[in-house]
file upload29.txt (compact mmCIF, N, CA and C atoms)
# COMPACT_ATOMS: atom_id res chain seq x y z
N MET A 3 -12.73 42.95 -26.64
CA MET A 3 -12.17 42.48 -25.39
C MET A 3 -10.76 43.01 -25.22
N LYS A 4 -10.45 43.30 -24.00
CA LYS A 4 -9.13 43.82 -23.70
C LYS A 4 -8.21 42.67 -23.29
N LYS A 5 -7.06 42.59 -23.92
CA LYS A 5 -6.10 41.54 -23.59
C LYS A 5 -5.29 41.99 -22.39
N THR A 6 -5.02 41.04 -21.49
CA THR A 6 -4.18 41.35 -20.34
C THR A 6 -2.85 40.66 -20.50
N LYS A 7 -1.81 41.33 -20.14
CA LYS A 7 -0.47 40.77 -20.24
C LYS A 7 0.00 40.35 -18.86
N LEU A 8 0.81 39.30 -18.84
CA LEU A 8 1.42 38.89 -17.59
C LEU A 8 2.60 39.81 -17.32
N ILE A 9 2.68 40.27 -16.12
CA ILE A 9 3.82 41.11 -15.75
C ILE A 9 4.80 40.25 -14.96
N LYS A 10 5.95 40.83 -14.68
CA LYS A 10 7.02 40.11 -14.00
C LYS A 10 6.55 39.52 -12.65
N GLY A 11 5.78 40.25 -11.91
CA GLY A 11 5.27 39.80 -10.61
C GLY A 11 4.36 38.58 -10.75
N ASP A 12 3.52 38.56 -11.80
CA ASP A 12 2.64 37.42 -12.05
C ASP A 12 3.45 36.16 -12.31
N LEU A 13 4.50 36.29 -13.12
CA LEU A 13 5.34 35.15 -13.44
C LEU A 13 6.07 34.63 -12.20
N ILE A 14 6.48 35.51 -11.32
CA ILE A 14 7.15 35.09 -10.09
C ILE A 14 6.19 34.32 -9.20
N VAL A 15 4.97 34.80 -9.05
CA VAL A 15 3.96 34.11 -8.22
C VAL A 15 3.65 32.73 -8.80
N ILE A 16 3.46 32.65 -10.11
CA ILE A 16 3.18 31.37 -10.76
C ILE A 16 4.36 30.42 -10.56
N GLY A 17 5.56 30.92 -10.72
CA GLY A 17 6.76 30.09 -10.52
C GLY A 17 6.87 29.58 -9.10
N LEU A 18 6.58 30.43 -8.11
CA LEU A 18 6.64 30.01 -6.71
C LEU A 18 5.59 28.94 -6.40
N ILE A 19 4.40 29.11 -6.93
CA ILE A 19 3.34 28.11 -6.71
C ILE A 19 3.76 26.77 -7.31
N LEU A 20 4.30 26.79 -8.52
CA LEU A 20 4.76 25.54 -9.15
C LEU A 20 5.91 24.90 -8.36
N LEU A 21 6.84 25.70 -7.87
CA LEU A 21 7.95 25.19 -7.08
C LEU A 21 7.47 24.55 -5.78
N ILE A 22 6.54 25.20 -5.11
CA ILE A 22 5.98 24.64 -3.86
C ILE A 22 5.26 23.34 -4.15
N ALA A 23 4.51 23.28 -5.25
CA ALA A 23 3.79 22.05 -5.60
C ALA A 23 4.76 20.91 -5.87
N VAL A 24 5.82 21.17 -6.61
CA VAL A 24 6.79 20.12 -6.93
C VAL A 24 7.52 19.67 -5.67
N LEU A 25 7.94 20.60 -4.83
CA LEU A 25 8.66 20.24 -3.61
C LEU A 25 7.79 19.45 -2.64
N SER A 26 6.53 19.83 -2.50
CA SER A 26 5.65 19.08 -1.60
C SER A 26 5.36 17.69 -2.15
N GLY A 27 5.26 17.56 -3.46
CA GLY A 27 5.08 16.25 -4.08
C GLY A 27 6.28 15.35 -3.85
N LEU A 28 7.48 15.90 -4.01
CA LEU A 28 8.70 15.12 -3.77
C LEU A 28 8.82 14.71 -2.30
N TYR A 29 8.46 15.61 -1.40
CA TYR A 29 8.51 15.29 0.03
C TYR A 29 7.56 14.15 0.36
N THR A 30 6.34 14.24 -0.15
CA THR A 30 5.35 13.19 0.09
C THR A 30 5.81 11.86 -0.50
N TRP A 31 6.35 11.90 -1.69
CA TRP A 31 6.81 10.68 -2.35
C TRP A 31 7.95 10.04 -1.57
N ASN A 32 8.89 10.84 -1.06
CA ASN A 32 10.02 10.31 -0.30
C ASN A 32 9.60 9.76 1.05
N THR A 33 8.65 10.37 1.71
CA THR A 33 8.25 9.89 3.03
C THR A 33 7.36 8.66 2.95
N ASN A 34 6.76 8.38 1.78
CA ASN A 34 5.91 7.21 1.63
C ASN A 34 6.64 6.01 1.04
N LYS A 35 7.95 6.09 0.91
CA LYS A 35 8.69 4.94 0.40
C LYS A 35 8.60 3.80 1.39
N THR A 36 8.86 2.61 0.89
CA THR A 36 8.76 1.44 1.75
C THR A 36 9.84 1.46 2.82
N SER A 37 9.49 0.98 3.96
CA SER A 37 10.41 0.89 5.08
C SER A 37 11.18 -0.41 4.99
N SER A 38 12.32 -0.48 5.64
CA SER A 38 13.13 -1.69 5.59
C SER A 38 12.61 -2.75 6.56
N ASN A 39 11.80 -2.38 7.53
CA ASN A 39 11.29 -3.32 8.53
C ASN A 39 9.81 -3.60 8.31
N LEU A 40 9.49 -4.09 7.13
CA LEU A 40 8.09 -4.34 6.80
C LEU A 40 7.69 -5.77 7.16
N SER A 41 6.44 -5.89 7.58
CA SER A 41 5.88 -7.21 7.83
C SER A 41 4.49 -7.27 7.21
N LEU A 42 4.12 -8.46 6.77
CA LEU A 42 2.82 -8.68 6.16
C LEU A 42 1.97 -9.45 7.16
N VAL A 43 0.86 -8.84 7.57
CA VAL A 43 -0.02 -9.45 8.55
C VAL A 43 -1.26 -9.97 7.84
N VAL A 44 -1.54 -11.25 8.03
CA VAL A 44 -2.71 -11.89 7.43
C VAL A 44 -3.73 -12.10 8.55
N LYS A 45 -4.93 -11.54 8.34
CA LYS A 45 -6.00 -11.69 9.32
C LYS A 45 -7.18 -12.41 8.68
N ILE A 46 -7.75 -13.34 9.42
CA ILE A 46 -8.96 -14.02 8.98
C ILE A 46 -10.04 -13.76 10.02
N ASP A 47 -11.15 -13.23 9.55
CA ASP A 47 -12.27 -12.91 10.43
C ASP A 47 -11.86 -11.98 11.58
N GLY A 48 -10.92 -11.06 11.29
CA GLY A 48 -10.48 -10.08 12.27
C GLY A 48 -9.39 -10.55 13.22
N LYS A 49 -8.99 -11.80 13.15
CA LYS A 49 -7.96 -12.34 14.04
C LYS A 49 -6.69 -12.62 13.25
N ILE A 50 -5.54 -12.33 13.85
CA ILE A 50 -4.27 -12.55 13.17
C ILE A 50 -4.08 -14.04 12.91
N TYR A 51 -3.88 -14.38 11.65
CA TYR A 51 -3.66 -15.76 11.23
C TYR A 51 -2.17 -16.06 11.15
N LYS A 52 -1.42 -15.14 10.51
CA LYS A 52 0.03 -15.32 10.37
C LYS A 52 0.67 -13.97 10.08
N LYS A 53 1.93 -13.85 10.50
CA LYS A 53 2.70 -12.63 10.27
C LYS A 53 4.00 -13.02 9.57
N TYR A 54 4.31 -12.35 8.47
CA TYR A 54 5.52 -12.63 7.69
C TYR A 54 6.44 -11.42 7.74
N LYS A 55 7.68 -11.61 8.12
CA LYS A 55 8.69 -10.55 8.08
C LYS A 55 9.22 -10.52 6.65
N LEU A 56 9.03 -9.41 5.95
CA LEU A 56 9.43 -9.33 4.55
C LEU A 56 10.94 -9.12 4.42
N ASP A 57 11.55 -10.01 3.69
CA ASP A 57 12.97 -9.87 3.35
C ASP A 57 13.21 -10.51 1.99
N LYS A 58 14.42 -10.44 1.51
CA LYS A 58 14.76 -10.92 0.17
C LYS A 58 14.53 -12.42 0.00
N SER A 59 14.57 -13.18 1.08
CA SER A 59 14.41 -14.64 0.97
C SER A 59 12.99 -15.04 0.58
N LEU A 60 12.02 -14.18 0.79
CA LEU A 60 10.63 -14.50 0.46
C LEU A 60 10.23 -14.14 -0.98
N VAL A 61 11.06 -13.36 -1.67
CA VAL A 61 10.71 -12.88 -3.02
C VAL A 61 10.47 -14.07 -3.95
N GLY A 62 9.29 -14.07 -4.59
CA GLY A 62 8.92 -15.12 -5.52
C GLY A 62 8.21 -16.31 -4.88
N LYS A 63 8.23 -16.39 -3.57
CA LYS A 63 7.58 -17.50 -2.88
C LYS A 63 6.11 -17.18 -2.64
N THR A 64 5.34 -18.21 -2.34
CA THR A 64 3.91 -18.04 -2.09
C THR A 64 3.55 -18.56 -0.71
N ALA A 65 2.45 -18.05 -0.19
CA ALA A 65 1.91 -18.51 1.09
C ALA A 65 0.45 -18.88 0.86
N LYS A 66 0.12 -20.11 1.17
CA LYS A 66 -1.26 -20.58 1.01
C LYS A 66 -2.02 -20.37 2.32
N ILE A 67 -3.19 -19.80 2.20
CA ILE A 67 -4.02 -19.53 3.37
C ILE A 67 -5.34 -20.27 3.18
N ASP A 68 -5.57 -21.26 4.01
CA ASP A 68 -6.80 -22.03 3.97
C ASP A 68 -7.58 -21.80 5.25
N SER A 69 -8.84 -21.49 5.11
CA SER A 69 -9.71 -21.32 6.27
C SER A 69 -11.06 -21.92 5.94
N LYS A 70 -11.95 -21.90 6.89
CA LYS A 70 -13.29 -22.42 6.64
C LYS A 70 -14.07 -21.55 5.66
N TYR A 71 -13.56 -20.33 5.41
CA TYR A 71 -14.23 -19.42 4.49
C TYR A 71 -13.76 -19.57 3.04
N GLY A 72 -12.54 -20.11 2.85
CA GLY A 72 -12.03 -20.27 1.50
C GLY A 72 -10.53 -20.40 1.44
N HIS A 73 -10.00 -20.37 0.21
CA HIS A 73 -8.58 -20.55 -0.04
C HIS A 73 -8.02 -19.33 -0.76
N ASN A 74 -6.89 -18.84 -0.30
CA ASN A 74 -6.18 -17.73 -0.94
C ASN A 74 -4.70 -18.06 -0.99
N THR A 75 -4.01 -17.50 -1.98
CA THR A 75 -2.56 -17.63 -2.08
C THR A 75 -1.96 -16.25 -2.28
N ILE A 76 -0.99 -15.92 -1.44
CA ILE A 76 -0.28 -14.65 -1.52
C ILE A 76 1.08 -14.92 -2.14
N LYS A 77 1.49 -14.05 -3.05
CA LYS A 77 2.82 -14.16 -3.64
C LYS A 77 3.65 -12.96 -3.20
N PHE A 78 4.83 -13.23 -2.65
CA PHE A 78 5.72 -12.17 -2.18
C PHE A 78 6.51 -11.61 -3.35
N THR A 79 6.59 -10.29 -3.40
CA THR A 79 7.32 -9.61 -4.46
C THR A 79 8.52 -8.89 -3.84
N GLU A 80 9.26 -8.23 -4.69
CA GLU A 80 10.45 -7.51 -4.23
C GLU A 80 10.09 -6.36 -3.28
N LYS A 81 8.93 -5.75 -3.50
CA LYS A 81 8.54 -4.59 -2.70
C LYS A 81 7.41 -4.87 -1.72
N GLY A 82 6.75 -6.03 -1.82
CA GLY A 82 5.61 -6.30 -0.95
C GLY A 82 4.98 -7.64 -1.27
N ALA A 83 3.69 -7.61 -1.63
CA ALA A 83 2.98 -8.85 -1.93
C ALA A 83 1.75 -8.56 -2.79
N ILE A 84 1.28 -9.62 -3.47
CA ILE A 84 0.06 -9.55 -4.26
C ILE A 84 -0.82 -10.75 -3.90
N MET A 85 -2.11 -10.64 -4.19
CA MET A 85 -3.00 -11.78 -4.04
C MET A 85 -2.88 -12.55 -5.34
N TYR A 86 -2.28 -13.71 -5.27
CA TYR A 86 -1.96 -14.51 -6.45
C TYR A 86 -3.12 -15.39 -6.88
N GLU A 87 -3.85 -15.92 -5.90
CA GLU A 87 -4.93 -16.86 -6.19
C GLU A 87 -6.01 -16.74 -5.13
N SER A 88 -7.26 -16.93 -5.55
CA SER A 88 -8.36 -16.91 -4.61
C SER A 88 -9.52 -17.71 -5.17
N ASP A 89 -10.22 -18.41 -4.30
CA ASP A 89 -11.38 -19.18 -4.77
C ASP A 89 -12.70 -18.42 -4.59
N CYS A 90 -12.61 -17.14 -4.25
CA CYS A 90 -13.82 -16.35 -4.10
C CYS A 90 -14.46 -16.11 -5.47
N LYS A 91 -15.73 -15.79 -5.46
CA LYS A 91 -16.51 -15.68 -6.70
C LYS A 91 -16.08 -14.50 -7.58
N ASP A 92 -15.92 -13.32 -6.98
CA ASP A 92 -15.68 -12.12 -7.79
C ASP A 92 -14.21 -11.83 -8.10
N LYS A 93 -13.28 -12.40 -7.35
CA LYS A 93 -11.82 -12.24 -7.56
C LYS A 93 -11.36 -10.78 -7.48
N LEU A 94 -12.10 -9.92 -6.77
CA LEU A 94 -11.69 -8.52 -6.64
C LEU A 94 -10.37 -8.38 -5.90
N CYS A 95 -10.12 -9.26 -4.97
CA CYS A 95 -8.87 -9.19 -4.20
C CYS A 95 -7.65 -9.37 -5.10
N MET A 96 -7.78 -10.13 -6.15
CA MET A 96 -6.68 -10.36 -7.08
C MET A 96 -6.44 -9.14 -7.97
N LYS A 97 -7.44 -8.27 -8.07
CA LYS A 97 -7.32 -7.07 -8.91
C LYS A 97 -6.86 -5.84 -8.11
N MET A 98 -6.65 -6.01 -6.80
CA MET A 98 -6.30 -4.87 -5.96
C MET A 98 -4.85 -4.43 -6.13
N GLY A 99 -4.03 -5.25 -6.75
CA GLY A 99 -2.66 -4.88 -7.02
C GLY A 99 -1.72 -5.22 -5.88
N GLU A 100 -0.53 -4.70 -5.99
CA GLU A 100 0.55 -5.00 -5.05
C GLU A 100 0.52 -4.04 -3.87
N VAL A 101 0.68 -4.57 -2.66
CA VAL A 101 0.84 -3.71 -1.49
C VAL A 101 2.34 -3.49 -1.32
N THR A 102 2.75 -2.21 -1.28
CA THR A 102 4.16 -1.88 -1.18
C THR A 102 4.46 -0.87 -0.09
N ARG A 103 3.44 -0.23 0.45
CA ARG A 103 3.65 0.82 1.45
C ARG A 103 2.91 0.50 2.73
N THR A 104 3.44 0.99 3.82
CA THR A 104 2.84 0.77 5.13
C THR A 104 1.39 1.23 5.14
N GLY A 105 0.51 0.39 5.66
CA GLY A 105 -0.90 0.72 5.76
C GLY A 105 -1.74 0.23 4.60
N GLN A 106 -1.12 -0.15 3.49
CA GLN A 106 -1.89 -0.67 2.37
C GLN A 106 -2.39 -2.07 2.70
N SER A 107 -3.50 -2.45 2.09
CA SER A 107 -4.05 -3.77 2.38
C SER A 107 -4.76 -4.34 1.16
N ILE A 108 -4.88 -5.66 1.17
CA ILE A 108 -5.67 -6.39 0.20
C ILE A 108 -6.78 -7.07 1.00
N ILE A 109 -8.01 -6.93 0.53
CA ILE A 109 -9.14 -7.45 1.29
C ILE A 109 -9.94 -8.40 0.41
N CYS A 110 -10.23 -9.58 0.93
CA CYS A 110 -11.09 -10.55 0.27
C CYS A 110 -12.31 -10.76 1.18
N LEU A 111 -13.38 -10.04 0.88
CA LEU A 111 -14.57 -10.08 1.74
C LEU A 111 -15.22 -11.46 1.82
N PRO A 112 -15.41 -12.16 0.70
CA PRO A 112 -16.08 -13.47 0.82
C PRO A 112 -15.31 -14.45 1.71
N ASN A 113 -13.98 -14.35 1.69
CA ASN A 113 -13.15 -15.26 2.50
C ASN A 113 -12.77 -14.65 3.84
N ARG A 114 -13.28 -13.46 4.14
CA ARG A 114 -13.03 -12.74 5.39
C ARG A 114 -11.53 -12.60 5.68
N LEU A 115 -10.79 -12.27 4.64
CA LEU A 115 -9.33 -12.20 4.72
C LEU A 115 -8.85 -10.77 4.49
N VAL A 116 -7.90 -10.33 5.33
CA VAL A 116 -7.26 -9.03 5.16
C VAL A 116 -5.76 -9.27 5.19
N VAL A 117 -5.06 -8.77 4.18
CA VAL A 117 -3.60 -8.83 4.12
C VAL A 117 -3.13 -7.40 4.21
N GLU A 118 -2.38 -7.08 5.28
CA GLU A 118 -2.00 -5.70 5.54
C GLU A 118 -0.49 -5.58 5.69
N LEU A 119 0.07 -4.53 5.10
CA LEU A 119 1.50 -4.27 5.20
C LEU A 119 1.74 -3.32 6.36
N ASN A 120 2.56 -3.74 7.31
CA ASN A 120 2.85 -2.93 8.50
C ASN A 120 4.35 -2.69 8.61
N SER A 121 4.70 -1.67 9.36
CA SER A 121 6.10 -1.34 9.60
C SER A 121 6.38 -1.42 11.09
N ASP A 122 7.62 -1.75 11.43
CA ASP A 122 8.00 -1.80 12.84
C ASP A 122 8.06 -0.41 13.44
N LYS A 123 8.45 0.57 12.63
CA LYS A 123 8.49 1.93 13.16
C LYS A 123 7.08 2.50 13.22
N ASN A 124 6.88 3.47 14.08
CA ASN A 124 5.56 4.06 14.28
C ASN A 124 5.35 5.14 13.22
N ASP A 125 4.42 4.90 12.28
CA ASP A 125 4.13 5.84 11.21
C ASP A 125 2.85 6.62 11.45
N LEU A 126 2.46 6.80 12.69
CA LEU A 126 1.22 7.50 13.00
C LEU A 126 1.35 8.99 12.70
N ASP A 127 0.34 9.55 12.08
CA ASP A 127 0.29 10.98 11.86
C ASP A 127 -0.33 11.67 13.07
N VAL A 128 -1.47 11.11 13.52
CA VAL A 128 -2.22 11.70 14.61
C VAL A 128 -2.80 10.57 15.45
N MET A 129 -2.83 10.74 16.75
CA MET A 129 -3.47 9.77 17.61
C MET A 129 -4.61 10.45 18.34
N LEU A 130 -5.81 9.92 18.18
CA LEU A 130 -6.98 10.51 18.81
C LEU A 130 -7.39 9.67 20.00
N ASN A 131 -7.81 10.35 21.06
CA ASN A 131 -8.25 9.63 22.26
C ASN A 131 -9.72 9.37 22.20

call {"tool": "encode", "arguments": {"input": "upload29.txt", "output": "structure tokens"}}
result
Amino acid sequence: MKKTKLIKGDLIVIGLILLIAVLSGLYTWNTNKTSSNLSLVVKIDGKIYKKYKLDKSLVGKTAKIDSKYGHNTIKFTEKGAIMYESDCKDKLCMKMGEVTRTGQSIICLPNRLVVELNSDKNDLDVMLN
């Protein structure tokens, strides 16, 4: 077998590809940071149940949500919220983790509950008619 050596041009192309990958990753990471005007919208059966404006005063506090479908408790964190407690059978909503970015949500299907993090600013990428 014949061995091939990397030449100077190959190294430049590889370096440029790596640089573009790192820069695009940093750009994406910076644009997806949490916004300062975040609100947590709680929906039950598709209808808005309550809306919480996230600020430092809510950190560590909980919100109890009782409906005819079940009971859930949301705990507010420094960056967003988590599903702290649920009486649903599978408890998948409690394993979904913390919502910290606009558009993320926690869903509890048995209790027909959706907890969604929204921003006051318009973060739409594309609007389709």

call {"tool": "atom_distance", "arguments": {"input": "upload29.txt", "atom1": "CA of Val117 (chain A)", "atom2": "CA of Val44 (chain A)"}}
result
4.6 Å

call {"tool": "select_by_dssp", "arguments": {"input": "upload29.txt", "residues": "region 22-104 of chain A", "states": "strand (DSSP E or B)", "output": "JSON, numbers by chain"}}
result
{"A": [40, 41, 42, 43, 44, 45, 46, 49, 50, 51, 52, 53, 54, 55, 64, 65, 66, 67, 68, 69, 72, 73, 74, 75, 76, 77, 78, 83, 84, 85, 86, 87, 88, 101]}

call {"tool": "residues_around", "arguments": {"input": "upload29.txt", "residues": "Gly82 (chain A)", "least_positions_apart": "3", "cutoff": "9 Å", "atoms": "only C-alpha atoms", "output": "compact mmCIF listing (two decimals) with N, CA and C atoms, in the coordinates of the input"}}
result
# COMPACT_ATOMS: atom_id res chain seq x y z
N THR A 36 8.86 2.61 0.89
CA THR A 36 8.76 1.44 1.75
C THR A 36 9.84 1.46 2.82
N LEU A 40 9.49 -4.09 7.13
CA LEU A 40 8.09 -4.34 6.80
C LEU A 40 7.69 -5.77 7.16
N SER A 41 6.44 -5.89 7.58
CA SER A 41 5.88 -7.21 7.83
C SER A 41 4.49 -7.27 7.21
N LEU A 42 4.12 -8.46 6.77
CA LEU A 42 2.82 -8.68 6.16
C LEU A 42 1.97 -9.45 7.16
N LEU A 56 9.03 -9.41 5.95
CA LEU A 56 9.43 -9.33 4.55
C LEU A 56 10.94 -9.12 4.42
N VAL A 61 11.06 -13.36 -1.67
CA VAL A 61 10.71 -12.88 -3.02
C VAL A 61 10.47 -14.07 -3.95
N LYS A 77 1.49 -14.05 -3.05
CA LYS A 77 2.82 -14.16 -3.64
C LYS A 77 3.65 -12.96 -3.20
N PHE A 78 4.83 -13.23 -2.65
CA PHE A 78 5.72 -12.17 -2.18
C PHE A 78 6.51 -11.61 -3.35
N THR A 79 6.59 -10.29 -3.40
CA THR A 79 7.32 -9.61 -4.46
C THR A 79 8.52 -8.89 -3.84
N GLU A 100 -0.53 -4.70 -5.99
CA GLU A 100 0.55 -5.00 -5.05
C GLU A 100 0.52 -4.04 -3.87
N VAL A 101 0.68 -4.57 -2.66
CA VAL A 101 0.84 -3.71 -1.49
C VAL A 101 2.34 -3.49 -1.32
N THR A 102 2.75 -2.21 -1.28
CA THR A 102 4.16 -1.88 -1.18
C THR A 102 4.46 -0.87 -0.09
N ARG A 103 3.44 -0.23 0.45
CA ARG A 103 3.65 0.82 1.45
C ARG A 103 2.91 0.50 2.73
N LEU A 119 0.07 -4.53 5.10
CA LEU A 119 1.50 -4.27 5.20
C LEU A 119 1.74 -3.32 6.36

call {"tool": "atom_distance", "arguments": {"input": "upload29.txt", "atom1": "CA of Asp68 (chain A)", "atom2": "CA of Glu118 (chain A)"}}
result
17.1 Å

call {"tool": "atom_distance", "arguments": {"input": "upload29.txt", "atom1": "atom N of Ile109 (chain A)", "atom2": "atom C of Ser59 (chain A)"}}
result
22.5 Å

call {"tool": "build_atoms", "arguments": {"input": "upload29.txt", "residues": "region 79-99 of chain A", "atoms": "N, CA, C and O atoms", "output": "compact mmCIF listing (two decimals), keeping the file's coordinate frame"}}
result
# COMPACT_ATOMS: atom_id res chain seq x y z
N THR A 79 6.59 -10.29 -3.40
CA THR A 79 7.32 -9.61 -4.46
C THR A 79 8.52 -8.89 -3.84
O THR A 79 8.73 -8.92 -2.64
N GLU A 80 9.26 -8.23 -4.69
CA GLU A 80 10.45 -7.51 -4.23
C GLU A 80 10.09 -6.36 -3.28
O GLU A 80 10.83 -6.04 -2.36
N LYS A 81 8.93 -5.75 -3.50
CA LYS A 81 8.54 -4.59 -2.70
C LYS A 81 7.41 -4.87 -1.72
O LYS A 81 7.09 -4.03 -0.91
N GLY A 82 6.75 -6.03 -1.82
CA GLY A 82 5.61 -6.30 -0.95
C GLY A 82 4.98 -7.64 -1.27
O GLY A 82 5.64 -8.66 -1.23
N ALA A 83 3.69 -7.61 -1.63
CA ALA A 83 2.98 -8.85 -1.93
C ALA A 83 1.75 -8.56 -2.79
O ALA A 83 1.26 -7.44 -2.84
N ILE A 84 1.28 -9.62 -3.47
CA ILE A 84 0.06 -9.55 -4.26
C ILE A 84 -0.82 -10.75 -3.90
O ILE A 84 -0.32 -11.75 -3.38
N MET A 85 -2.11 -10.64 -4.19
CA MET A 85 -3.00 -11.78 -4.04
C MET A 85 -2.88 -12.55 -5.34
O MET A 85 -3.30 -12.09 -6.40
N TYR A 86 -2.28 -13.71 -5.27
CA TYR A 86 -1.96 -14.51 -6.45
C TYR A 86 -3.12 -15.39 -6.88
O TYR A 86 -3.35 -15.59 -8.06
N GLU A 87 -3.85 -15.92 -5.90
CA GLU A 87 -4.93 -16.86 -6.19
C GLU A 87 -6.01 -16.74 -5.13
O GLU A 87 -5.72 -16.50 -3.97
N SER A 88 -7.26 -16.93 -5.55
CA SER A 88 -8.36 -16.91 -4.61
C SER A 88 -9.52 -17.71 -5.17
O SER A 88 -9.76 -17.69 -6.38
N ASP A 89 -10.22 -18.41 -4.30
CA ASP A 89 -11.38 -19.18 -4.77
C ASP A 89 -12.70 -18.42 -4.59
O ASP A 89 -13.76 -18.98 -4.79
N CYS A 90 -12.61 -17.14 -4.25
CA CYS A 90 -13.82 -16.35 -4.10
C CYS A 90 -14.46 -16.11 -5.47
O CYS A 90 -13.80 -16.21 -6.50
N LYS A 91 -15.73 -15.79 -5.46
CA LYS A 91 -16.51 -15.68 -6.70
C LYS A 91 -16.08 -14.50 -7.58
O LYS A 91 -15.89 -14.66 -8.77
N ASP A 92 -15.92 -13.32 -6.98
CA ASP A 92 -15.68 -12.12 -7.79
C ASP A 92 -14.21 -11.83 -8.10
O ASP A 92 -13.92 -11.07 -8.99
N LYS A 93 -13.28 -12.40 -7.35
CA LYS A 93 -11.82 -12.24 -7.56
C LYS A 93 -11.36 -10.78 -7.48
O LYS A 93 -10.35 -10.41 -8.06
N LEU A 94 -12.10 -9.92 -6.77
CA LEU A 94 -11.69 -8.52 -6.64
C LEU A 94 -10.37 -8.38 -5.90
O LEU A 94 -9.59 -7.48 -6.19
N CYS A 95 -10.12 -9.26 -4.97
CA CYS A 95 -8.87 -9.19 -4.20
C CYS A 95 -7.65 -9.37 -5.10
O CYS A 95 -6.60 -8.78 -4.85
N MET A 96 -7.78 -10.13 -6.15
CA MET A 96 -6.68 -10.36 -7.08
C MET A 96 -6.44 -9.14 -7.97
O MET A 96 -5.36 -8.98 -8.52
N LYS A 97 -7.44 -8.27 -8.07
CA LYS A 97 -7.32 -7.07 -8.91
C LYS A 97 -6.86 -5.84 -8.11
O LYS A 97 -6.72 -4.77 -8.68
N MET A 98 -6.65 -6.01 -6.80
CA MET A 98 -6.30 -4.87 -5.96
C MET A 98 -4.85 -4.43 -6.13
O MET A 98 -4.47 -3.36 -5.69
N GLY A 99 -4.03 -5.25 -6.75
CA GLY A 99 -2.66 -4.88 -7.02
C GLY A 99 -1.72 -5.22 -5.88
O GLY A 99 -2.06 -5.91 -4.92
